[in-house]
file structure-v7.pdb (PDB, C-alpha atoms and all ligand atoms)
ATOM      1  CA  MET S   1    -101.255-126.939 -79.000  1.00  0.00           C
ATOM      2  CA  ALA S   2    -103.463-124.087 -80.212  1.00  0.00           C
ATOM      3  CA  GLU S   3    -107.113-124.917 -80.707  1.00  0.00           C
ATOM      4  CA  ILE S   4    -107.975-125.578 -84.342  1.00  0.00           C
ATOM      5  CA  HIS S   5    -109.690-122.690 -86.166  1.00  0.00           C
ATOM      6  CA  PRO S   6    -113.341-123.455 -87.011  1.00  0.00           C
ATOM      7  CA  ASP S   7    -112.674-122.837 -90.731  1.00  0.00           C
ATOM      8  CA  VAL S   8    -109.826-125.356 -90.811  1.00  0.00           C
ATOM      9  CA  GLU S   9    -110.629-128.932 -91.766  1.00  0.00           C
ATOM     10  CA  ARG S  10    -107.355-130.565 -90.745  1.00  0.00           C
ATOM     11  CA  ILE S  11    -103.854-129.679 -89.681  1.00  0.00           C
ATOM     12  CA  LEU S  12    -101.092-130.567 -92.136  1.00  0.00           C
ATOM     13  CA  PHE S  13     -98.153-129.358 -90.083  1.00  0.00           C
ATOM     14  CA  THR S  14     -98.335-128.557 -86.379  1.00  0.00           C
ATOM     15  CA  GLN S  15     -96.453-125.740 -84.719  1.00  0.00           C
ATOM     16  CA  GLU S  16     -93.967-128.290 -83.370  1.00  0.00           C
ATOM     17  CA  GLU S  17     -93.413-129.922 -86.782  1.00  0.00           C
ATOM     18  CA  LEU S  18     -92.839-126.521 -88.374  1.00  0.00           C
ATOM     19  CA  ASP S  19     -90.408-125.524 -85.644  1.00  0.00           C
ATOM     20  CA  GLN S  20     -88.471-128.762 -86.065  1.00  0.00           C
ATOM     21  CA  ARG S  21     -88.212-128.427 -89.839  1.00  0.00           C
ATOM     22  CA  VAL S  22     -87.250-124.753 -89.697  1.00  0.00           C
ATOM     23  CA  SER S  23     -84.477-125.690 -87.241  1.00  0.00           C
ATOM     24  CA  GLU S  24     -83.188-128.324 -89.673  1.00  0.00           C
ATOM     25  CA  LEU S  25     -83.203-125.829 -92.555  1.00  0.00           C
ATOM     26  CA  ALA S  26     -81.372-123.275 -90.406  1.00  0.00           C
ATOM     27  CA  GLU S  27     -78.712-125.878 -89.551  1.00  0.00           C
ATOM     28  CA  GLU S  28     -78.117-126.567 -93.246  1.00  0.00           C
ATOM     29  CA  ILE S  29     -77.911-122.848 -94.002  1.00  0.00           C
ATOM     30  CA  ASN S  30     -75.515-122.243 -91.093  1.00  0.00           C
ATOM     31  CA  ARG S  31     -73.299-124.996 -92.423  1.00  0.00           C
ATOM     32  CA  ASP S  32     -73.410-123.911 -96.078  1.00  0.00           C
ATOM     33  CA  TYR S  33     -72.781-120.226 -95.371  1.00  0.00           C
ATOM     34  CA  ALA S  34     -70.092-120.688 -92.716  1.00  0.00           C
ATOM     35  CA  GLY S  35     -67.563-117.865 -92.981  1.00  0.00           C
ATOM     36  CA  LYS S  36     -69.901-115.738 -95.095  1.00  0.00           C
ATOM     37  CA  GLU S  37     -72.581-113.156 -94.472  1.00  0.00           C
ATOM     38  CA  VAL S  38     -75.971-113.968 -95.916  1.00  0.00           C
ATOM     39  CA  LEU S  39     -78.577-111.489 -97.095  1.00  0.00           C
ATOM     40  CA  LEU S  40     -82.042-112.944 -96.548  1.00  0.00           C
ATOM     41  CA  ILE S  41     -84.711-111.578 -98.849  1.00  0.00           C
ATOM     42  CA  SER S  42     -88.274-112.243 -97.758  1.00  0.00           C
ATOM     43  CA  VAL S  43     -90.871-112.162-100.520  1.00  0.00           C
ATOM     44  CA  LEU S  44     -93.952-110.600 -98.921  1.00  0.00           C
ATOM     45  CA  ARG S  45     -96.433-111.170 -97.743  1.00  0.00           C
ATOM     46  CA  GLY S  46     -96.678-114.890 -97.094  1.00  0.00           C
ATOM     47  CA  SER S  47     -93.058-115.493 -96.087  1.00  0.00           C
ATOM     48  CA  PHE S  48     -92.962-113.108 -93.131  1.00  0.00           C
ATOM     49  CA  VAL S  49     -93.678-115.776 -90.495  1.00  0.00           C
ATOM     50  CA  PHE S  50     -91.212-118.302 -91.920  1.00  0.00           C
ATOM     51  CA  MET S  51     -88.588-115.567 -92.311  1.00  0.00           C
ATOM     52  CA  ALA S  52     -89.026-114.436 -88.701  1.00  0.00           C
ATOM     53  CA  ASP S  53     -88.610-117.977 -87.373  1.00  0.00           C
ATOM     54  CA  LEU S  54     -85.743-118.901 -89.713  1.00  0.00           C
ATOM     55  CA  VAL S  55     -83.643-115.804 -89.051  1.00  0.00           C
ATOM     56  CA  ARG S  56     -83.760-116.391 -85.281  1.00  0.00           C
ATOM     57  CA  LYS S  57     -82.257-119.843 -85.760  1.00  0.00           C
ATOM     58  CA  LEU S  58     -79.348-118.625 -87.892  1.00  0.00           C
ATOM     59  CA  THR S  59     -75.929-118.227 -86.337  1.00  0.00           C
ATOM     60  CA  VAL S  60     -74.125-116.977 -89.472  1.00  0.00           C
ATOM     61  CA  PRO S  61     -73.959-113.186 -89.814  1.00  0.00           C
ATOM     62  CA  CYS S  62     -77.002-112.031 -91.749  1.00  0.00           C
ATOM     63  CA  ARG S  63     -78.943-109.048 -93.014  1.00  0.00           C
ATOM     64  CA  VAL S  64     -82.581-108.931 -93.993  1.00  0.00           C
ATOM     65  CA  ASP S  65     -84.459-107.122 -96.734  1.00  0.00           C
ATOM     66  CA  PHE S  66     -87.961-107.403 -98.152  1.00  0.00           C
ATOM     67  CA  MET S  67     -89.663-107.270-101.493  1.00  0.00           C
ATOM     68  CA  ALA S  68     -93.154-107.869-102.781  1.00  0.00           C
ATOM     69  CA  CYS S  69     -94.555-108.692-106.165  1.00  0.00           C
ATOM     70  CA  SER S  70     -97.865-109.473-107.757  1.00  0.00           C
ATOM     71  CA  SER S  71     -98.929-111.411-110.817  1.00  0.00           C
ATOM     72  CA  TYR S  72    -100.905-109.726-113.542  1.00  0.00           C
ATOM     73  CA  GLY S  73    -104.154-111.442-114.372  1.00  0.00           C
ATOM     74  CA  SER S  74    -107.196-112.331-112.334  1.00  0.00           C
ATOM     75  CA  GLY S  75    -108.357-115.221-110.210  1.00  0.00           C
ATOM     76  CA  THR S  76    -106.131-118.125-109.305  1.00  0.00           C
ATOM     77  CA  THR S  77    -104.464-118.444-112.718  1.00  0.00           C
ATOM     78  CA  SER S  78    -101.623-116.011-113.156  1.00  0.00           C
ATOM     79  CA  SER S  79    -100.618-114.804-116.601  1.00  0.00           C
ATOM     80  CA  GLY S  80     -96.935-115.290-115.918  1.00  0.00           C
ATOM     81  CA  GLN S  81     -96.283-111.555-115.860  1.00  0.00           C
ATOM     82  CA  VAL S  82     -94.868-110.488-112.521  1.00  0.00           C
ATOM     83  CA  LYS S  83     -94.727-106.943-111.213  1.00  0.00           C
ATOM     84  CA  VAL S  84     -92.503-105.778-108.345  1.00  0.00           C
ATOM     85  CA  THR S  85     -94.740-103.802-105.969  1.00  0.00           C
ATOM     86  CA  LYS S  86     -92.101-103.238-103.288  1.00  0.00           C
ATOM     87  CA  ASP S  87     -88.419-103.305-104.132  1.00  0.00           C
ATOM     88  CA  LEU S  88     -85.423-103.952-101.882  1.00  0.00           C
ATOM     89  CA  SER S  89     -84.076-101.113 -99.746  1.00  0.00           C
ATOM     90  CA  ASP S  90     -80.402-101.753-100.510  1.00  0.00           C
ATOM     91  CA  SER S  91     -78.106-102.926-103.302  1.00  0.00           C
ATOM     92  CA  ILE S  92     -77.328-106.660-103.400  1.00  0.00           C
ATOM     93  CA  GLU S  93     -74.164-106.355-105.486  1.00  0.00           C
ATOM     94  CA  GLY S  94     -71.485-108.762-104.231  1.00  0.00           C
ATOM     95  CA  MET S  95     -73.766-110.234-101.543  1.00  0.00           C
ATOM     96  CA  ASP S  96     -74.649-113.868-100.914  1.00  0.00           C
ATOM     97  CA  VAL S  97     -78.421-113.727-101.289  1.00  0.00           C
ATOM     98  CA  LEU S  98     -80.918-116.242 -99.953  1.00  0.00           C
ATOM     99  CA  VAL S  99     -84.497-115.692-101.114  1.00  0.00           C
ATOM    100  CA  VAL S 100     -86.989-116.865 -98.483  1.00  0.00           C
ATOM    101  CA  GLU S 101     -90.422-117.938 -99.718  1.00  0.00           C
ATOM    102  CA  ASP S 102     -93.406-119.570 -98.084  1.00  0.00           C
ATOM    103  CA  ILE S 103     -94.524-121.553-101.111  1.00  0.00           C
ATOM    104  CA  LEU S 104     -93.380-122.471-104.598  1.00  0.00           C
ATOM    105  CA  ASP S 105     -96.343-123.155-106.861  1.00  0.00           C
ATOM    106  CA  SER S 106     -96.255-122.519-110.630  1.00  0.00           C
ATOM    107  CA  GLY S 107     -92.733-121.152-110.222  1.00  0.00           C
ATOM    108  CA  ARG S 108     -93.534-118.006-112.183  1.00  0.00           C
ATOM    109  CA  THR S 109     -92.929-115.559-109.342  1.00  0.00           C
ATOM    110  CA  LEU S 110     -89.601-117.056-108.334  1.00  0.00           C
ATOM    111  CA  ASN S 111     -88.415-117.595-111.892  1.00  0.00           C
ATOM    112  CA  TYR S 112     -88.943-113.901-112.540  1.00  0.00           C
ATOM    113  CA  LEU S 113     -87.530-112.747-109.210  1.00  0.00           C
ATOM    114  CA  LEU S 114     -84.385-114.867-109.357  1.00  0.00           C
ATOM    115  CA  LYS S 115     -83.562-113.514-112.825  1.00  0.00           C
ATOM    116  CA  LEU S 116     -84.182-109.977-111.646  1.00  0.00           C
ATOM    117  CA  LEU S 117     -81.894-110.453-108.635  1.00  0.00           C
ATOM    118  CA  GLU S 118     -79.160-112.180-110.645  1.00  0.00           C
ATOM    119  CA  ALA S 119     -79.042-109.166-112.977  1.00  0.00           C
ATOM    120  CA  ARG S 120     -78.061-107.040-109.967  1.00  0.00           C
ATOM    121  CA  ARG S 121     -74.735-108.888-109.714  1.00  0.00           C
ATOM    122  CA  PRO S 122     -74.853-110.555-106.282  1.00  0.00           C
ATOM    123  CA  ALA S 123     -72.061-113.019-105.395  1.00  0.00           C
ATOM    124  CA  SER S 124     -74.692-115.788-105.306  1.00  0.00           C
ATOM    125  CA  VAL S 125     -78.459-116.279-105.207  1.00  0.00           C
ATOM    126  CA  ARG S 126     -80.193-119.282-103.696  1.00  0.00           C
ATOM    127  CA  LEU S 127     -83.782-120.067-102.838  1.00  0.00           C
ATOM    128  CA  CYS S 128     -85.226-121.403 -99.610  1.00  0.00           C
ATOM    129  CA  THR S 129     -88.913-122.309 -99.682  1.00  0.00           C
ATOM    130  CA  LEU S 130     -90.873-123.722 -96.787  1.00  0.00           C
ATOM    131  CA  LEU S 131     -93.353-125.489 -99.053  1.00  0.00           C
ATOM    132  CA  ASP S 132     -93.134-126.862-102.569  1.00  0.00           C
ATOM    133  CA  LYS S 133     -96.074-128.000-104.708  1.00  0.00           C
ATOM    134  CA  PRO S 134     -94.195-129.662-107.606  1.00  0.00           C
ATOM    135  CA  ASP S 135     -97.442-130.845-109.251  1.00  0.00           C
ATOM    136  CA  ARG S 136     -98.293-127.221-110.008  1.00  0.00           C
ATOM    137  CA  ARG S 137     -94.974-126.279-111.611  1.00  0.00           C
ATOM    138  CA  VAL S 138     -95.124-124.519-114.972  1.00  0.00           C
ATOM    139  CA  VAL S 139     -91.676-122.910-114.990  1.00  0.00           C
ATOM    140  CA  ARG S 140     -88.502-124.590-113.759  1.00  0.00           C
ATOM    141  CA  VAL S 141     -86.954-123.105-110.622  1.00  0.00           C
ATOM    142  CA  ASN S 142     -83.780-124.236-108.815  1.00  0.00           C
ATOM    143  CA  VAL S 143     -84.436-124.669-105.102  1.00  0.00           C
ATOM    144  CA  SER S 144     -81.582-125.104-102.623  1.00  0.00           C
ATOM    145  CA  TYR S 145     -83.626-125.585 -99.434  1.00  0.00           C
ATOM    146  CA  THR S 146     -87.134-127.063 -99.204  1.00  0.00           C
ATOM    147  CA  GLY S 147     -89.085-127.514 -95.983  1.00  0.00           C
ATOM    148  CA  PHE S 148     -91.879-129.805 -97.139  1.00  0.00           C
ATOM    149  CA  VAL S 149     -93.018-131.149-100.505  1.00  0.00           C
ATOM    150  CA  ILE S 150     -96.821-131.108-100.499  1.00  0.00           C
ATOM    151  CA  PRO S 151     -99.636-132.196-102.825  1.00  0.00           C
ATOM    152  CA  ASP S 152    -101.821-129.685-104.640  1.00  0.00           C
ATOM    153  CA  THR S 153    -104.192-128.892-101.772  1.00  0.00           C
ATOM    154  CA  PHE S 154    -105.518-125.592-100.482  1.00  0.00           C
ATOM    155  CA  ILE S 155    -103.667-124.554 -97.331  1.00  0.00           C
ATOM    156  CA  VAL S 156    -103.584-121.637 -94.913  1.00  0.00           C
ATOM    157  CA  GLY S 157    -101.696-120.528 -91.818  1.00  0.00           C
ATOM    158  CA  TYR S 158     -98.091-119.770 -90.842  1.00  0.00           C
ATOM    159  CA  GLY S 159     -98.171-116.772 -93.194  1.00  0.00           C
ATOM    160  CA  LEU S 160    -100.328-118.314 -95.922  1.00  0.00           C
ATOM    161  CA  ASP S 161    -103.695-116.701 -96.538  1.00  0.00           C
ATOM    162  CA  TYR S 162    -107.077-117.141 -98.096  1.00  0.00           C
ATOM    163  CA  GLY S 163    -108.527-113.716 -98.924  1.00  0.00           C
ATOM    164  CA  GLU S 164    -105.856-112.162 -96.658  1.00  0.00           C
ATOM    165  CA  HIS S 165    -107.112-114.112 -93.620  1.00  0.00           C
ATOM    166  CA  TYR S 166    -105.610-116.971 -91.580  1.00  0.00           C
ATOM    167  CA  ARG S 167    -101.980-115.797 -91.921  1.00  0.00           C
ATOM    168  CA  ASN S 168    -101.767-115.690 -88.114  1.00  0.00           C
ATOM    169  CA  LEU S 169    -102.540-119.373 -87.499  1.00  0.00           C
ATOM    170  CA  PRO S 170     -99.482-120.975 -85.878  1.00  0.00           C
ATOM    171  CA  TYR S 171     -99.931-124.207 -87.857  1.00  0.00           C
ATOM    172  CA  ILE S 172    -100.563-125.030 -91.542  1.00  0.00           C
ATOM    173  CA  GLY S 173    -104.002-126.433 -92.230  1.00  0.00           C
ATOM    174  CA  GLY S 174    -106.423-127.254 -95.010  1.00  0.00           C
ATOM    175  CA  LEU S 175    -109.405-124.932 -95.266  1.00  0.00           C
ATOM    176  CA  LYS S 176    -112.922-126.386 -95.105  1.00  0.00           C
ATOM    177  CA  PRO S 177    -114.407-126.393 -98.626  1.00  0.00           C
ATOM    178  CA  SER S 178    -117.562-124.752 -97.209  1.00  0.00           C
ATOM    179  CA  VAL S 179    -115.489-121.616 -96.514  1.00  0.00           C
ATOM    180  CA  TYR S 180    -114.331-120.994-100.076  1.00  0.00           C
ATOM    181  CA  GLU S 181    -117.499-122.406-101.648  1.00  0.00           C
ATOM    182  CA  ALA S 182    -119.558-119.894 -99.615  1.00  0.00           C
ATOM    183  CA  GLU S 183    -117.382-117.009-100.824  1.00  0.00           C
ATOM    184  CA  THR S 184    -117.554-117.897-104.505  1.00  0.00           C
ATOM    185  CA  LYS S 185    -121.389-117.989-104.538  1.00  0.00           C
TER     186      LYS S 185
HETATM  187  C1  LIG F   1     -97.391-116.837-103.138  1.00  0.00           C
HETATM  188  C2  LIG F   1     -95.987-117.173-102.663  1.00  0.00           C
HETATM  189  C3  LIG F   1     -95.144-116.905-103.873  1.00  0.00           C
HETATM  190  C4  LIG F   1     -96.076-117.195-105.015  1.00  0.00           C
HETATM  191  C5  LIG F   1     -95.760-118.556-105.533  1.00  0.00           C
HETATM  192  O1  LIG F   1     -97.623-115.482-102.973  1.00  0.00           O
HETATM  193  O2  LIG F   1     -95.613-116.402-101.567  1.00  0.00           O
HETATM  194  O3  LIG F   1     -94.696-115.568-103.916  1.00  0.00           O
HETATM  195  O4  LIG F   1     -97.415-117.199-104.503  1.00  0.00           O
HETATM  196  O5  LIG F   1     -96.596-118.843-106.618  1.00  0.00           O
HETATM  197  P1  LIG F   1     -96.017-119.179-108.056  1.00  0.00           P
HETATM  198  O6  LIG F   1     -94.968-120.223-107.858  1.00  0.00           O
HETATM  199  O7  LIG F   1     -97.244-119.716-108.774  1.00  0.00           O
HETATM  200  O8  LIG F   1     -95.497-117.929-108.662  1.00  0.00           O
HETATM  201  P2  LIG F   1     -99.074-114.852-103.182  1.00  0.00           P
HETATM  202  O9  LIG F   1     -99.213-114.377-104.599  1.00  0.00           O
HETATM  203  O10 LIG F   1    -100.121-115.791-102.665  1.00  0.00           O
HETATM  204  O11 LIG F   1     -98.997-113.544-102.299  1.00  0.00           O
HETATM  205  P3  LIG F   1     -98.814-113.402-100.709  1.00  0.00           P
HETATM  206  O12 LIG F   1     -97.425-113.919-100.392  1.00  0.00           O
HETATM  207  O13 LIG F   1     -98.941-111.929-100.477  1.00  0.00           O
HETATM  208  O14 LIG F   1     -99.893-114.202-100.032  1.00  0.00           O
END
call {"tool": "encode", "arguments": {"input": "structure-v7.pdb", "output": "structure tokens", "more": "lines below"}}
Ligand code: PRP
result
Amino acid sequence: MAEIHPDVERILFTQEELDQRVSELAEEINRDYAGKEVLLISVLRGSFVFMADLVRKLTVPCRVDFMACSSYGSGTTSSGQVKVTKDLSDSIEGMDVLVVEDILDSGRTLNYLLKLLEARRPASVRLCTLLDKPDRRVVRVNVSYTGFVIPDTFIVGYGLDYGEHYRNLPYIGGLKPSVYEAETK
């Protein structure tokens, strides 16, 4: 196993645990979409690692596309207004769409995005999130595939960042409080 990063306090999910769970999710998706083609939409940036691992475990025909969005407002509290900063490359009309996210938190981003995508008349839209923090939910979101339900703790790695760092860690870990306390001084 990779050596733990000095800024990480503890590992929540090891590389092996993530691989196992992603395989299980892929099996479910392969089963549910049998006979169909699925369009995977990765919501950048955090989902790129999960997306890359998930897509390589799929056996159903699939396409990939990417979009990015940001919340208006400052700090850690979003205002609920979401702005698309990078849109999809192709039309999704008539497609079976699976949105791939790294984490579902307040639900504001996904609530907005799912409505936006549904308005583009796909055959179906479902959501697959690696992590879900239900304690943080403000807006209801329907999730079809969830990797892990986690408590409201600060985590990094496997695509998730703090100040755009740590996305490359192969595991998911909790950051040492001294790291973010030092940066807010
Ligand atoms: C994360 C995550 C979701 C969103 C979830 O992205 O990837 O898009 O937050 O939060 P919500 O449920 O409260 O809307 P983030 O804004 O951290 O951007 P990033 O993916 O570029 O790191």
call {"tool": "atom_distance", "arguments": {"input": "structure-v7.pdb", "atom1": "CA of Phe13 in chain S", "atom2": "CA of Leu160 in chain S"}}
result
12.7 Å
call {"tool": "residues_near_point", "arguments": {"input": "structure-v7.pdb", "point": "(-66.3, -112.8, -100.3)", "cutoff": "10 Å", "atoms": "all atoms listed in the file", "output": "list in words"}}
result
Gly35, Lys36, Glu37, Gly94, Met95, Asp96 and Ala123 of chain S
call {"tool": "closest_residue", "arguments": {"input": "structure-v7.pdb", "among": "S:Gly159, S:Pro122, S:Pro151, S:Gly107", "to": "Ser47 in chain S", "atoms": "all atoms listed in the file"}}
result
S:Gly159
call {"tool": "residues_near_ligand", "arguments": {"input": "structure-v7.pdb", "ligand": "ligand LIG 1 (chain F)", "cutoff": "7 Å", "atoms": "only C-alpha atoms and all ligand atoms", "output": "list of chain:residue names"}}
result
S:Val43, S:Leu44, S:Arg45, S:Gly46, S:Ser47, S:Ser70, S:Ser71, S:Glu101, S:Asp102, S:Ile103, S:Leu104, S:Asp105, S:Ser106, S:Gly107, S:Arg108, S:Thr109, S:Leu110, S:Leu160, S:Asp161
call {"tool": "residues_around", "arguments": {"input": "structure-v7.pdb", "residues": "Asp152 in chain S", "least_positions_apart": "3", "cutoff": "10 Å", "atoms": "all atoms listed in the file", "output": "VMD selection string"}}
result
chain S and resid 105 132 to 136 149 155
call {"tool": "closest_residue", "arguments": {"input": "structure-v7.pdb", "among": "S:Leu117, S:Met51, S:Leu18, S:Leu58", "to": "Arg31 in chain S", "atoms": "only C-alpha atoms"}}
result
S:Leu58
call {"tool": "decode", "arguments": {"input": "structure-v7.pdb", "residues": "range 87-97 of chain S", "atoms": "all heavy atoms", "output": "mmCIF file, in the first residue's frame"}}
result
data_model
loop_
_atom_site.group_PDB
_atom_site.id
_atom_site.type_symbol
_atom_site.label_atom_id
_atom_site.label_comp_id
_atom_site.auth_asym_id
_atom_site.auth_seq_id
_atom_site.Cartn_x
_atom_site.Cartn_y
_atom_site.Cartn_z
ATOM 1 N N ASP S 87 -19.567 22.894 -20.509
ATOM 2 C CA ASP S 87 -20.752 22.098 -20.880
ATOM 3 C C ASP S 87 -20.328 20.843 -21.648
ATOM 4 O O ASP S 87 -19.163 20.684 -22.029
ATOM 5 C CB ASP S 87 -21.724 22.945 -21.711
ATOM 6 C CG ASP S 87 -23.171 22.483 -21.536
ATOM 7 O OD1 ASP S 87 -23.390 21.311 -21.159
ATOM 8 O OD2 ASP S 87 -24.084 23.290 -21.786
ATOM 9 N N LEU S 88 -21.291 19.949 -21.853
ATOM 10 C CA LEU S 88 -21.048 18.707 -22.575
ATOM 11 C C LEU S 88 -20.650 19.010 -24.021
ATOM 12 O O LEU S 88 -21.023 20.056 -24.572
ATOM 13 C CB LEU S 88 -22.325 17.857 -22.565
ATOM 14 C CG LEU S 88 -22.815 17.432 -21.187
ATOM 15 C CD1 LEU S 88 -24.203 16.811 -21.291
ATOM 16 C CD2 LEU S 88 -21.832 16.448 -20.560
ATOM 17 N N SER S 89 -19.956 18.064 -24.633
ATOM 18 C CA SER S 89 -19.546 18.240 -26.034
ATOM 19 C C SER S 89 -20.662 17.862 -26.999
ATOM 20 O O SER S 89 -20.746 18.402 -28.097
ATOM 21 C CB SER S 89 -18.316 17.383 -26.329
ATOM 22 O OG SER S 89 -17.251 17.791 -25.517
ATOM 23 N N ASP S 90 -21.502 16.890 -26.588
ATOM 24 C CA ASP S 90 -22.519 16.374 -27.506
ATOM 25 C C ASP S 90 -23.924 16.435 -26.902
ATOM 26 O O ASP S 90 -24.074 16.527 -25.683
ATOM 27 C CB ASP S 90 -22.211 14.911 -27.853
ATOM 28 C CG ASP S 90 -20.872 14.768 -28.546
ATOM 29 O OD1 ASP S 90 -20.549 15.621 -29.393
ATOM 30 O OD2 ASP S 90 -20.138 13.825 -28.208
ATOM 31 N N SER S 91 -24.913 16.285 -27.776
ATOM 32 C CA SER S 91 -26.313 16.222 -27.341
ATOM 33 C C SER S 91 -26.545 14.923 -26.559
ATOM 34 O O SER S 91 -25.905 13.907 -26.832
ATOM 35 C CB SER S 91 -27.217 16.228 -28.579
ATOM 36 O OG SER S 91 -28.522 15.796 -28.238
ATOM 37 N N ILE S 92 -27.476 14.976 -25.601
ATOM 38 C CA ILE S 92 -27.803 13.763 -24.833
ATOM 39 C C ILE S 92 -29.213 13.268 -25.162
ATOM 40 O O ILE S 92 -29.703 12.336 -24.532
ATOM 41 C CB ILE S 92 -27.670 13.995 -23.308
ATOM 42 C CG1 ILE S 92 -28.659 15.062 -22.831
ATOM 43 C CG2 ILE S 92 -26.243 14.368 -22.945
ATOM 44 C CD1 ILE S 92 -28.794 15.113 -21.310
ATOM 45 N N GLU S 93 -29.841 13.890 -26.145
ATOM 46 C CA GLU S 93 -31.221 13.532 -26.481
ATOM 47 C C GLU S 93 -31.329 12.033 -26.812
ATOM 48 O O GLU S 93 -30.552 11.507 -27.615
ATOM 49 C CB GLU S 93 -31.715 14.364 -27.669
ATOM 50 C CG GLU S 93 -33.205 14.253 -27.835
ATOM 51 C CD GLU S 93 -33.758 15.238 -28.855
ATOM 52 O OE1 GLU S 93 -33.081 16.234 -29.188
ATOM 53 O OE2 GLU S 93 -34.884 14.988 -29.327
ATOM 54 N N GLY S 94 -32.263 11.369 -26.157
ATOM 55 C CA GLY S 94 -32.516 9.946 -26.401
ATOM 56 C C GLY S 94 -31.508 8.996 -25.770
ATOM 57 O O GLY S 94 -31.611 7.776 -25.944
ATOM 58 N N MET S 95 -30.533 9.523 -25.039
ATOM 59 C CA MET S 95 -29.478 8.667 -24.471
ATOM 60 C C MET S 95 -29.829 8.251 -23.039
ATOM 61 O O MET S 95 -30.542 8.952 -22.328
ATOM 62 C CB MET S 95 -28.135 9.417 -24.402
ATOM 63 C CG MET S 95 -27.732 10.134 -25.662
ATOM 64 S SD MET S 95 -26.884 9.099 -26.862
ATOM 65 C CE MET S 95 -25.602 8.360 -25.949
ATOM 66 N N ASP S 96 -29.295 7.111 -22.625
ATOM 67 C CA ASP S 96 -29.383 6.705 -21.227
ATOM 68 C C ASP S 96 -28.161 7.259 -20.508
ATOM 69 O O ASP S 96 -27.033 6.794 -20.715
ATOM 70 C CB ASP S 96 -29.440 5.179 -21.119
ATOM 71 C CG ASP S 96 -30.787 4.648 -21.582
ATOM 72 O OD1 ASP S 96 -31.804 5.049 -20.974
ATOM 73 O OD2 ASP S 96 -30.832 3.876 -22.554
ATOM 74 N N VAL S 97 -28.416 8.284 -19.692
ATOM 75 C CA VAL S 97 -27.333 9.056 -19.069
ATOM 76 C C VAL S 97 -27.091 8.600 -17.632
ATOM 77 O O VAL S 97 -28.034 8.420 -16.859
ATOM 78 C CB VAL S 97 -27.698 10.562 -19.079
ATOM 79 C CG1 VAL S 97 -26.731 11.377 -18.229
ATOM 80 C CG2 VAL S 97 -27.739 11.097 -20.500
#
